[in-house]
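Source file: run.csv. Holds: CSV, C-alpha atoms and all ligand atoms.
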```csv
chain,number,residue,atom,x,y,z
H,138,MET,CA,101.6,-77.2,-72.0
H,139,SER,CA,103.9,-74.3,-71.0
H,140,ALA,CA,106.8,-73.6,-73.3
H,141,PRO,CA,109.2,-76.5,-73.3
H,142,PHE,CA,112.8,-76.3,-72.2
H,143,ASN,CA,115.2,-77.4,-74.9
H,144,PHE,CA,118.4,-79.1,-73.7
H,145,SER,CA,119.6,-79.9,-77.2
H,146,ALA,CA,123.4,-80.0,-77.7
H,147,GLY,CA,123.3,-78.2,-81.0
H,148,PRO,CA,121.7,-76.7,-82.9
H,149,ALA,CA,120.6,-75.5,-79.5
H,150,MET,CA,118.0,-73.2,-78.1
H,151,LEU,CA,118.2,-69.5,-78.7
H,152,PRO,CA,116.8,-66.8,-76.4
H,153,ALA,CA,113.0,-66.5,-77.0
H,154,GLU,CA,113.3,-62.7,-77.1
H,155,ILE,CA,115.7,-63.0,-80.1
H,156,MET,CA,113.5,-65.4,-82.0
H,157,LYS,CA,110.5,-63.1,-81.5
H,158,GLN,CA,112.5,-60.1,-82.7
H,159,ALA,CA,113.6,-62.1,-85.8
H,160,GLN,CA,110.0,-63.1,-86.4
H,161,GLU,CA,108.7,-59.6,-86.1
H,162,GLU,CA,111.2,-58.1,-88.6
H,163,PHE,CA,111.4,-61.1,-90.9
H,164,LEU,CA,109.4,-59.6,-93.7
H,165,ASN,CA,110.4,-56.0,-93.1
H,166,TRP,CA,113.9,-55.5,-91.9
H,167,ASN,CA,114.9,-51.9,-90.9
H,168,ASN,CA,111.7,-50.6,-92.6
H,169,LEU,CA,113.0,-51.7,-96.0
H,170,GLY,CA,109.9,-53.6,-96.7
H,171,ILE,CA,112.0,-56.7,-97.5
H,172,SER,CA,113.7,-59.4,-95.4
H,173,VAL,CA,117.4,-59.3,-94.2
H,174,MET,CA,117.6,-62.6,-96.2
H,175,GLU,CA,116.8,-60.7,-99.4
H,176,ILE,CA,119.3,-57.9,-99.4
H,177,SER,CA,122.8,-57.7,-100.8
H,178,HIS,CA,125.6,-58.3,-98.3
H,179,ARG,CA,127.3,-55.3,-99.9
H,180,ASP,CA,124.4,-53.0,-99.1
H,181,PRO,CA,125.6,-50.4,-96.6
H,182,ILE,CA,122.7,-51.2,-94.3
H,183,PHE,CA,123.8,-54.9,-94.1
H,184,ILE,CA,127.4,-53.9,-93.7
H,185,ARG,CA,126.5,-51.6,-90.9
H,186,MET,CA,124.8,-54.5,-89.1
H,187,ALA,CA,127.7,-56.9,-89.9
H,188,GLU,CA,130.2,-54.4,-88.5
H,189,GLN,CA,128.2,-53.8,-85.4
H,190,ALA,CA,128.0,-57.5,-84.8
H,191,GLU,CA,131.8,-57.7,-84.9
H,192,GLN,CA,132.1,-54.7,-82.6
H,193,ASP,CA,129.7,-56.3,-80.1
H,194,LEU,CA,131.6,-59.5,-80.2
H,195,ARG,CA,134.9,-57.6,-79.6
H,196,ASP,CA,133.3,-55.8,-76.7
H,197,LEU,CA,131.8,-58.9,-75.2
H,198,MET,CA,135.1,-60.9,-75.4
H,199,ALA,CA,137.4,-57.9,-74.9
H,200,ILE,CA,139.2,-59.0,-78.1
H,201,PRO,CA,142.5,-57.1,-78.5
H,202,ASN,CA,143.1,-55.0,-81.6
H,203,ASN,CA,145.8,-57.3,-82.9
H,204,TYR,CA,143.2,-60.0,-83.6
H,205,GLN,CA,140.9,-60.4,-86.6
H,206,VAL,CA,137.4,-61.5,-86.2
H,207,LEU,CA,136.3,-63.7,-89.1
H,208,PHE,CA,132.8,-64.9,-89.9
H,209,MET,CA,133.3,-68.1,-91.8
H,210,HIS,CA,131.5,-70.9,-93.6
H,211,GLY,CA,131.4,-74.5,-92.6
H,212,GLY,CA,130.7,-74.7,-88.9
H,213,GLY,CA,133.1,-76.1,-86.4
H,214,ARG,CA,134.4,-78.9,-88.5
H,215,GLY,CA,135.3,-76.5,-91.3
H,216,GLN,CA,137.8,-75.0,-88.9
H,217,PHE,CA,139.4,-78.4,-88.3
H,218,SER,CA,140.9,-78.1,-91.8
H,219,ALA,CA,141.1,-74.3,-91.9
H,220,VAL,CA,143.5,-74.3,-88.8
H,221,PRO,CA,146.2,-76.5,-90.1
H,222,GLN,CA,146.0,-75.1,-93.7
H,223,ASN,CA,146.2,-71.6,-92.5
H,224,ILE,CA,148.8,-71.6,-89.8
H,225,ALA,CA,151.0,-74.6,-90.3
H,226,GLY,CA,153.1,-75.5,-93.4
H,227,PRO,CA,152.7,-79.0,-94.9
H,228,ASN,CA,156.0,-80.0,-93.3
H,229,ALA,CA,155.1,-78.6,-89.9
H,230,THR,CA,154.7,-80.4,-86.6
H,231,VAL,CA,151.6,-79.5,-84.6
H,232,ASP,CA,150.5,-80.5,-81.1
H,233,TYR,CA,147.0,-81.7,-80.2
H,234,LEU,CA,145.7,-82.5,-76.8
H,235,ASN,CA,143.0,-85.2,-77.3
H,236,CYS,CA,140.3,-84.1,-74.9
H,237,GLY,CA,137.5,-86.2,-76.3
H,238,ILE,CA,135.4,-86.9,-79.4
H,239,TRP,CA,135.7,-83.5,-81.1
H,240,SER,CA,139.4,-83.3,-80.5
H,241,ASP,CA,139.7,-86.7,-82.1
H,242,PHE,CA,138.0,-85.5,-85.2
H,243,ALA,CA,140.1,-82.4,-85.3
H,244,ILE,CA,143.3,-84.6,-85.1
H,245,ARG,CA,142.2,-86.8,-88.0
H,246,GLU,CA,141.4,-83.8,-90.1
H,247,ALA,CA,144.8,-82.1,-89.4
H,248,GLN,CA,146.6,-85.3,-90.4
H,249,LYS,CA,145.5,-84.6,-94.0
H,250,TYR,CA,147.3,-81.2,-94.1
H,251,VAL,CA,150.4,-81.5,-91.9
H,252,GLN,CA,153.1,-84.1,-91.8
H,253,GLN,CA,153.4,-84.5,-88.1
H,254,VAL,CA,150.4,-84.4,-85.8
H,255,ASN,CA,151.6,-85.1,-82.4
H,256,VAL,CA,149.0,-86.1,-79.8
H,257,VAL,CA,150.5,-84.8,-76.5
H,258,GLY,CA,148.0,-86.5,-74.2
H,259,ALA,CA,144.4,-87.7,-73.9
H,260,SER,CA,141.6,-88.3,-71.5
H,261,VAL,CA,142.3,-90.7,-68.7
H,262,GLN,CA,140.1,-92.7,-66.3
H,263,THR,CA,140.7,-91.9,-62.6
H,264,GLU,CA,139.0,-93.1,-59.5
H,265,GLN,CA,137.0,-89.9,-59.4
H,266,GLY,CA,136.0,-90.2,-63.0
H,267,LYS,CA,137.2,-89.2,-66.5
H,268,ALA,CA,139.8,-86.5,-66.5
H,269,LEU,CA,142.5,-85.2,-68.8
H,270,ALA,CA,146.1,-86.2,-68.7
H,271,PRO,CA,147.9,-83.9,-66.3
H,272,ARG,CA,150.0,-81.1,-67.8
H,273,GLU,CA,153.3,-82.7,-66.5
H,274,SER,CA,152.7,-85.8,-68.7
H,275,TRP,CA,152.2,-84.0,-72.0
H,276,GLN,CA,154.7,-84.9,-74.7
H,277,LEU,CA,155.0,-81.4,-76.3
H,278,SER,CA,157.1,-80.9,-79.5
H,279,ASP,CA,159.9,-78.3,-79.4
H,280,ASN,CA,158.9,-76.8,-82.7
H,281,ALA,CA,155.1,-77.1,-82.9
H,282,ALA,CA,153.5,-74.6,-85.2
H,283,TYR,CA,150.6,-74.5,-82.8
H,284,PHE,CA,149.0,-76.4,-79.9
H,285,HIS,CA,145.3,-77.3,-80.3
H,286,TYR,CA,142.8,-78.3,-77.7
H,287,CYS,CA,139.1,-78.3,-77.1
H,288,PRO,CA,138.4,-76.6,-73.7
H,289,ASN,CA,134.8,-78.0,-73.6
H,290,GLU,CA,134.2,-81.4,-75.1
H,291,THR,CA,130.5,-81.2,-75.9
H,292,VAL,CA,129.9,-85.0,-76.1
H,293,ASP,CA,132.0,-86.1,-73.2
H,294,GLY,CA,131.1,-83.2,-70.9
H,295,ILE,CA,134.8,-82.8,-70.1
H,296,ALA,CA,136.3,-79.3,-69.7
H,297,LEU,CA,139.8,-78.0,-69.2
H,298,HIS,CA,139.2,-75.0,-67.0
H,299,GLU,CA,142.7,-73.5,-67.1
H,300,ILE,CA,144.3,-72.3,-70.3
H,301,PRO,CA,147.3,-74.6,-70.9
H,302,ASP,CA,150.8,-73.2,-70.3
H,303,VAL,CA,152.6,-74.0,-73.5
H,304,ASN,CA,155.0,-72.2,-75.8
H,305,ALA,CA,153.4,-72.7,-79.2
H,306,PRO,CA,150.4,-70.5,-80.2
H,307,ILE,CA,147.3,-71.9,-78.7
H,308,VAL,CA,144.4,-72.8,-80.9
H,309,ALA,CA,141.1,-73.6,-79.2
H,310,ASP,CA,137.9,-75.1,-80.4
H,311,MET,CA,135.3,-73.2,-78.4
H,312,SER,CA,132.3,-74.4,-80.4
H,313,SER,CA,130.4,-75.2,-77.2
H,314,ASN,CA,131.7,-72.7,-74.7
H,315,ILE,CA,132.5,-69.5,-76.5
H,316,LEU,CA,130.9,-66.5,-74.6
H,317,SER,CA,130.0,-68.7,-71.6
H,318,GLU,CA,132.3,-66.9,-69.2
H,319,PRO,CA,135.1,-64.4,-69.2
H,320,LEU,CA,138.2,-65.4,-71.1
H,321,ASP,CA,141.7,-63.9,-71.7
H,322,VAL,CA,141.7,-63.8,-75.5
H,323,SER,CA,145.3,-62.6,-75.5
H,324,ARG,CA,146.5,-66.0,-74.4
H,325,PHE,CA,145.4,-67.6,-77.7
H,326,GLY,CA,146.6,-67.6,-81.3
H,327,VAL,CA,143.2,-68.7,-82.7
H,328,ILE,CA,139.8,-69.2,-81.1
H,329,TYR,CA,137.1,-70.7,-83.3
H,330,ALA,CA,133.6,-71.8,-82.8
H,331,GLY,CA,130.8,-73.3,-84.8
H,332,ALA,CA,127.8,-71.0,-84.1
H,333,GLN,CA,125.0,-73.4,-83.3
H,334,LYS,CA,125.7,-74.0,-79.6
H,335,ASN,CA,126.2,-70.7,-78.0
H,336,ILE,CA,125.7,-68.2,-80.7
H,337,GLY,CA,123.2,-68.8,-83.6
H,338,PRO,CA,122.4,-70.9,-86.6
H,339,SER,CA,124.5,-73.9,-87.8
H,340,GLY,CA,126.9,-73.8,-90.8
H,341,PHE,CA,128.4,-70.6,-89.5
H,342,ALA,CA,131.6,-70.2,-87.6
H,343,ILE,CA,133.6,-67.5,-85.9
H,344,ALA,CA,137.4,-67.5,-86.0
H,345,ILE,CA,139.4,-65.0,-83.9
H,346,VAL,CA,142.9,-65.0,-85.3
H,347,ARG,CA,146.0,-63.2,-84.0
H,348,ASP,CA,147.5,-61.0,-86.8
H,349,ASP,CA,151.0,-62.6,-86.7
H,350,LEU,CA,149.5,-65.9,-87.7
H,351,LEU,CA,148.0,-64.6,-91.0
H,352,GLY,CA,149.9,-64.8,-94.3
H,353,HIS,CA,151.1,-68.4,-93.9
H,354,ALA,CA,148.3,-70.3,-95.6
H,355,GLN,CA,149.3,-73.4,-97.5
H,356,GLY,CA,149.2,-72.8,-101.3
H,357,ASN,CA,146.2,-75.1,-101.9
H,358,THR,CA,144.0,-73.7,-99.2
H,359,SER,CA,140.6,-73.1,-100.6
H,360,THR,CA,140.1,-69.4,-100.8
H,361,ILE,CA,136.9,-69.2,-98.8
H,362,MET,CA,138.7,-70.9,-95.9
H,363,ASP,CA,141.8,-68.7,-96.2
H,364,TYR,CA,142.0,-66.5,-93.0
H,365,THR,CA,144.2,-63.9,-94.7
H,366,VAL,CA,141.8,-63.5,-97.6
H,367,GLN,CA,138.8,-63.4,-95.3
H,368,ALA,CA,140.5,-60.8,-93.1
H,369,LYS,CA,141.3,-58.6,-96.0
H,370,GLU,CA,137.7,-59.0,-97.4
H,371,ARG,CA,136.0,-58.4,-94.1
H,372,SER,CA,134.6,-62.0,-94.2
H,373,MET,CA,132.9,-61.1,-97.5
H,374,TYR,CA,135.2,-62.8,-100.1
H,375,ASN,CA,132.1,-64.6,-101.2
H,376,THR,CA,128.5,-64.3,-100.0
H,377,PRO,CA,128.5,-64.9,-96.3
H,378,ASN,CA,125.6,-66.6,-94.5
H,379,THR,CA,123.8,-63.4,-94.1
H,380,PHE,CA,120.9,-64.7,-92.0
H,381,ALA,CA,123.2,-66.5,-89.6
H,382,TRP,CA,125.3,-63.3,-89.3
H,383,TYR,CA,122.1,-61.3,-88.6
H,384,LEU,CA,120.8,-63.7,-86.0
H,385,SER,CA,124.3,-63.9,-84.3
H,386,ALA,CA,124.2,-60.1,-84.2
H,387,LEU,CA,120.9,-60.2,-82.3
H,388,VAL,CA,122.4,-62.7,-79.8
H,389,PHE,CA,125.4,-60.5,-79.2
H,390,GLN,CA,123.1,-57.6,-78.4
H,391,TRP,CA,121.1,-59.9,-76.1
H,392,LEU,CA,124.3,-60.9,-74.3
H,393,LYS,CA,125.2,-57.3,-73.8
H,394,ARG,CA,121.7,-56.6,-72.3
H,395,GLN,CA,122.2,-59.6,-69.9
H,396,GLY,CA,125.4,-58.1,-68.5
H,397,GLY,CA,127.9,-59.7,-70.8
H,398,VAL,CA,130.1,-62.7,-70.2
H,399,GLU,CA,130.6,-61.9,-66.5
H,400,ALA,CA,126.9,-62.2,-65.8
H,401,MET,CA,126.7,-65.3,-68.1
H,402,GLY,CA,129.6,-66.9,-66.3
H,403,ARG,CA,128.0,-66.5,-62.9
H,404,MET,CA,124.7,-67.8,-64.2
H,405,ASN,CA,126.3,-70.7,-66.0
H,406,HIS,CA,128.3,-71.8,-63.0
H,407,ALA,CA,125.2,-71.6,-60.8
H,408,LYS,CA,123.1,-73.6,-63.3
H,409,ALA,CA,125.8,-76.3,-63.6
H,410,SER,CA,126.5,-76.7,-59.9
H,411,LYS,CA,122.8,-77.1,-59.2
H,412,LEU,CA,122.5,-79.9,-61.7
H,413,TYR,CA,125.8,-81.6,-60.6
H,414,GLN,CA,124.9,-81.3,-57.0
H,415,TYR,CA,121.6,-83.0,-57.5
H,416,ILE,CA,123.2,-85.8,-59.6
H,417,ASP,CA,126.0,-86.3,-57.0
H,418,SER,CA,123.4,-86.5,-54.2
H,419,SER,CA,121.5,-89.3,-55.9
H,420,ASP,CA,122.5,-93.0,-56.3
H,421,PHE,CA,120.0,-93.2,-59.2
H,422,TYR,CA,122.0,-90.8,-61.4
H,423,SER,CA,125.7,-90.4,-62.0
H,424,ASN,CA,128.0,-88.2,-64.0
H,425,PRO,CA,131.2,-89.9,-65.3
H,426,VAL,CA,133.5,-86.9,-65.1
H,427,HIS,CA,136.1,-86.0,-62.4
H,428,PRO,CA,134.7,-82.9,-60.5
H,429,ASN,CA,137.7,-80.8,-61.6
H,430,TYR,CA,137.0,-81.5,-65.3
H,431,ARG,CA,133.3,-81.0,-65.5
H,432,SER,CA,131.8,-78.9,-68.2
H,433,ILE,CA,129.5,-76.0,-67.2
H,434,MET,CA,127.8,-76.3,-70.6
H,435,ASN,CA,127.2,-80.0,-71.3
H,436,VAL,CA,126.2,-82.3,-68.4
H,437,PRO,CA,126.1,-85.9,-69.3
H,438,PHE,CA,124.4,-88.3,-66.9
H,439,LEU,CA,123.6,-92.0,-66.6
H,440,LEU,CA,120.8,-93.8,-64.9
H,441,ALA,CA,121.9,-96.6,-62.6
H,442,ASP,CA,119.6,-98.9,-64.6
H,443,GLU,CA,120.0,-98.1,-68.3
H,444,ARG,CA,116.9,-100.1,-69.1
H,445,LEU,CA,115.0,-97.0,-67.8
H,446,ASP,CA,116.6,-94.7,-70.3
H,447,GLY,CA,113.8,-95.0,-72.8
H,448,ASP,CA,111.1,-94.2,-70.2
H,449,PHE,CA,113.2,-91.4,-68.8
H,450,LEU,CA,113.4,-89.7,-72.2
H,451,LYS,CA,109.8,-90.3,-73.1
H,452,GLN,CA,108.5,-88.9,-69.8
H,453,ALA,CA,110.9,-86.0,-69.9
H,454,GLU,CA,109.6,-85.1,-73.4
H,455,GLN,CA,106.0,-85.3,-72.1
H,456,ALA,CA,107.0,-82.9,-69.3
H,457,GLY,CA,108.4,-80.5,-71.9
H,458,LEU,CA,112.1,-81.3,-71.3
H,459,LEU,CA,113.5,-81.8,-74.8
H,460,GLY,CA,116.8,-82.9,-76.3
H,461,LEU,CA,118.1,-84.9,-73.3
H,462,LYS,CA,119.3,-88.0,-75.3
H,463,GLY,CA,123.0,-88.4,-75.0
H,464,HIS,CA,125.2,-88.4,-78.1
H,465,ARG,CA,124.9,-91.5,-80.2
H,466,PHE,CA,128.5,-92.4,-79.5
H,467,VAL,CA,128.2,-92.5,-75.8
H,468,GLY,CA,124.5,-93.1,-74.9
H,469,GLY,CA,122.9,-92.1,-71.6
H,470,MET,CA,121.6,-88.6,-71.2
H,471,ARG,CA,123.0,-85.1,-71.7
H,472,ALA,CA,121.6,-81.8,-70.6
H,473,SER,CA,123.2,-78.9,-72.6
H,474,ILE,CA,122.8,-75.7,-70.6
H,475,TYR,CA,124.2,-73.0,-72.8
H,476,ASN,CA,123.7,-69.3,-72.3
H,477,ALA,CA,120.2,-69.2,-73.5
H,478,MET,CA,119.0,-71.8,-70.9
H,479,PRO,CA,117.5,-70.0,-67.9
H,480,MET,CA,117.8,-71.3,-64.4
H,481,ALA,CA,114.1,-72.2,-64.5
H,482,GLY,CA,115.0,-74.9,-67.1
H,483,VAL,CA,117.6,-76.5,-64.7
H,484,ASP,CA,115.1,-76.3,-61.9
H,485,ALA,CA,112.4,-78.0,-64.0
H,486,LEU,CA,114.9,-80.7,-65.0
H,487,VAL,CA,116.1,-81.4,-61.4
H,488,GLU,CA,112.5,-81.5,-60.3
H,489,PHE,CA,111.6,-84.0,-63.1
H,490,MET,CA,114.7,-86.2,-62.2
H,491,ARG,CA,113.7,-86.3,-58.6
H,492,GLU,CA,110.1,-87.2,-59.4
H,493,PHE,CA,111.3,-89.9,-61.9
H,494,GLU,CA,113.6,-91.4,-59.3
H,495,ARG,CA,110.9,-91.4,-56.7
H,496,LYS,CA,108.4,-93.2,-58.9
H,497,ALA,CA,111.0,-95.7,-60.3
E,1,LIG,C1,129.5,-79.2,-82.5
E,1,LIG,C2,131.0,-79.2,-82.4
E,1,LIG,C3,131.8,-79.2,-83.5
E,1,LIG,C4,131.2,-79.5,-84.9
E,1,LIG,O1,130.5,-78.4,-85.3
E,1,LIG,P1,129.8,-78.5,-86.8
E,1,LIG,O2,129.3,-77.1,-87.0
E,1,LIG,O3,128.8,-79.5,-86.8
E,1,LIG,O4,130.9,-78.8,-87.8
E,1,LIG,C5,133.1,-79.1,-83.4
E,1,LIG,N1,133.7,-79.0,-82.1
E,1,LIG,C6,132.9,-78.9,-81.0
E,1,LIG,C7,133.6,-78.8,-79.7
E,1,LIG,C8,131.5,-79.0,-81.1
E,1,LIG,O5,130.8,-79.0,-80.0
```

Rewrite the structure from the file as structure tokens, please.
Ligand SMILES: *Cc1c(COP(=O)(O)O)cnc(C)c1O
Amino acid sequence: MSAPFNFSAGPAMLPAEIMKQAQEEFLNWNNLGISVMEISHRDPIFIRMAEQAEQDLRDLMAIPNNYQVLFMHGGGRGQFSAVPQNIAGPNATVDYLNCGIWSDFAIREAQKYVQQVNVVGASVQTEQGKALAPRESWQLSDNAAYFHYCPNETVDGIALHEIPDVNAPIVADMSSNILSEPLDVSRFGVIYAGAQKNIGPSGFAIAIVRDDLLGHAQGNTSTIMDYTVQAKERSMYNTPNTFAWYLSALVFQWLKRQGGVEAMGRMNHAKASKLYQYIDSSDFYSNPVHPNYRSIMNVPFLLADERLDGDFLKQAEQAGLLGLKGHRFVGGMRASIYNAMPMAGVDALVEFMREFERKA
């Protein structure tokens, strides 16, 4: 069988080129005769790699100088508590747009740390599918310490393609869409992402934090989650996840070689529209999301007859198309087509779906 295409939502596929490089230098990194996993994070050679990773990410996302780039522990969900603890006092009001399942988790976590978590709006069912409550309907607070949303809801396949126009500092959970297309970082207060969708290994997270939001952590914030401490310590207050940092560094270099986020954005839009076009052209498959709110990273789809789901997944796997089972909360199928997924993977999926429909 030729190499499979892996549509897993996360941990997700990484570019083969990167995995090969990691394999080749696994036992002998930088001619040291030992692995990157076996070296002190304080060693100048590791620090050089870590700093280059930060610089590459800054270049890729055009991150302005008044933002800190933090390499954190605890994945995406670690940031669900880090955000309220770091940038809202316990008596604060914070605004959350409930875009879907991950937003919902973020809201429940924030409730532990701030007095007033105001949900300004949620997803809505329209005749053309699931959408988000329109901006005019949001019940924003006057004094919110921040406004939080998830621009790409990984499970629901719902995306908000415009950056919301609000007064409070915007905090965005970009776990599943960071680096997927160009972005104006200067519109945000905090951008965070668990690494395992579009960057590298799980358990690792990136937080991009505007300087003026530092220095306000609640007194009982755990030190490893304190943005101000981590900024001061260059994300090495304690031992960072060195292997994840290293692998992420390789991915950033790979992204640069691909032409950066502009090239990725063009490619990602092309991949997604090919898949949506096919789904829309068929009565056998459907996507539940309003066309204006469709994700370019996670494409959920349903079979008209859900009794065929099992066969679909089994045959897809036999054809080398892996990880297509929808999230356990919503069922159906989901194709995650992050940066590392080539167009050939989408072509193979569409071909398989067409064949499956024909035979059914
Ligand atoms: C996967 C995901 C998370 C959770 O990430 P963990 O690293 O498992 O904590 C949070 N938010 C979004 C949008 C995600 O896709």

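Put simply, CA of Phe489 in chain H is 8.9 Å away from CA of Gln452 in chain H.
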
Between CA of Glu290 in chain H and CA of Asn223 in chain H - distance in Å to one decimal:
23.3 Å

Enumerate as an MDAnalysis selection string the residues within 10 Å of ligand LIG 1 (chain E), counting only C-alpha atoms and all ligand atoms.
chainID H and resid 146:148 210:217 236:243 286:293 309:315 329:335 338:342 435

Give me the residues near Arg347 in chain H as a PDB file with C-alpha atoms, in the frame of the given file, where near means some atom within 12 Å (using all atoms listed in the file) and where sequence neighbours in that chain fewer than 2 positions away do not count.
```pdb
ATOM      1  CA  ILE H 200     139.200 -59.000 -78.100  1.00  0.00           C
ATOM      2  CA  PRO H 201     142.500 -57.100 -78.500  1.00  0.00           C
ATOM      3  CA  ASN H 202     143.100 -55.000 -81.600  1.00  0.00           C
ATOM      4  CA  ASN H 203     145.800 -57.300 -82.900  1.00  0.00           C
ATOM      5  CA  TYR H 204     143.200 -60.000 -83.600  1.00  0.00           C
ATOM      6  CA  GLN H 205     140.900 -60.400 -86.600  1.00  0.00           C
ATOM      7  CA  VAL H 206     137.400 -61.500 -86.200  1.00  0.00           C
ATOM      8  CA  LEU H 207     136.300 -63.700 -89.100  1.00  0.00           C
ATOM      9  CA  ASN H 223     146.200 -71.600 -92.500  1.00  0.00           C
ATOM     10  CA  ILE H 224     148.800 -71.600 -89.800  1.00  0.00           C
ATOM     11  CA  PRO H 306     150.400 -70.500 -80.200  1.00  0.00           C
ATOM     12  CA  ILE H 307     147.300 -71.900 -78.700  1.00  0.00           C
ATOM     13  CA  VAL H 308     144.400 -72.800 -80.900  1.00  0.00           C
ATOM     14  CA  VAL H 322     141.700 -63.800 -75.500  1.00  0.00           C
ATOM     15  CA  SER H 323     145.300 -62.600 -75.500  1.00  0.00           C
ATOM     16  CA  ARG H 324     146.500 -66.000 -74.400  1.00  0.00           C
ATOM     17  CA  PHE H 325     145.400 -67.600 -77.700  1.00  0.00           C
ATOM     18  CA  GLY H 326     146.600 -67.600 -81.300  1.00  0.00           C
ATOM     19  CA  VAL H 327     143.200 -68.700 -82.700  1.00  0.00           C
ATOM     20  CA  ILE H 328     139.800 -69.200 -81.100  1.00  0.00           C
ATOM     21  CA  TYR H 329     137.100 -70.700 -83.300  1.00  0.00           C
ATOM     22  CA  ALA H 344     137.400 -67.500 -86.000  1.00  0.00           C
ATOM     23  CA  ILE H 345     139.400 -65.000 -83.900  1.00  0.00           C
ATOM     24  CA  ASP H 349     151.000 -62.600 -86.700  1.00  0.00           C
ATOM     25  CA  LEU H 350     149.500 -65.900 -87.700  1.00  0.00           C
ATOM     26  CA  LEU H 351     148.000 -64.600 -91.000  1.00  0.00           C
ATOM     27  CA  GLY H 352     149.900 -64.800 -94.300  1.00  0.00           C
ATOM     28  CA  TYR H 364     142.000 -66.500 -93.000  1.00  0.00           C
ATOM     29  CA  THR H 365     144.200 -63.900 -94.700  1.00  0.00           C
ATOM     30  CA  ALA H 368     140.500 -60.800 -93.100  1.00  0.00           C
TER      31      ALA H 368
END
```

Smallest atom-to-atom distance to Ala477 in chain H: which of H:Phe142, H:Lys496, H:Pro221, H:Leu384, using all atoms listed in the file?
H:Phe142

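Minimum distance to Val220 in chain H across H:Ala247, H:Gly170, H:Glu454, H:Pro428 (counting only C-alpha atoms) occurs at H:Ala247.
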
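Here CA of Phe389 in chain H stands at a distance of 10.1 Å from CA of Ile155 in chain H.
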
So which residues fall inside 12 Å of (137.2, -64.4, -97.9) if we count only C-alpha atoms? Mind giving them as a PyMOL selection string?
chain H and resi 207-210+358-377
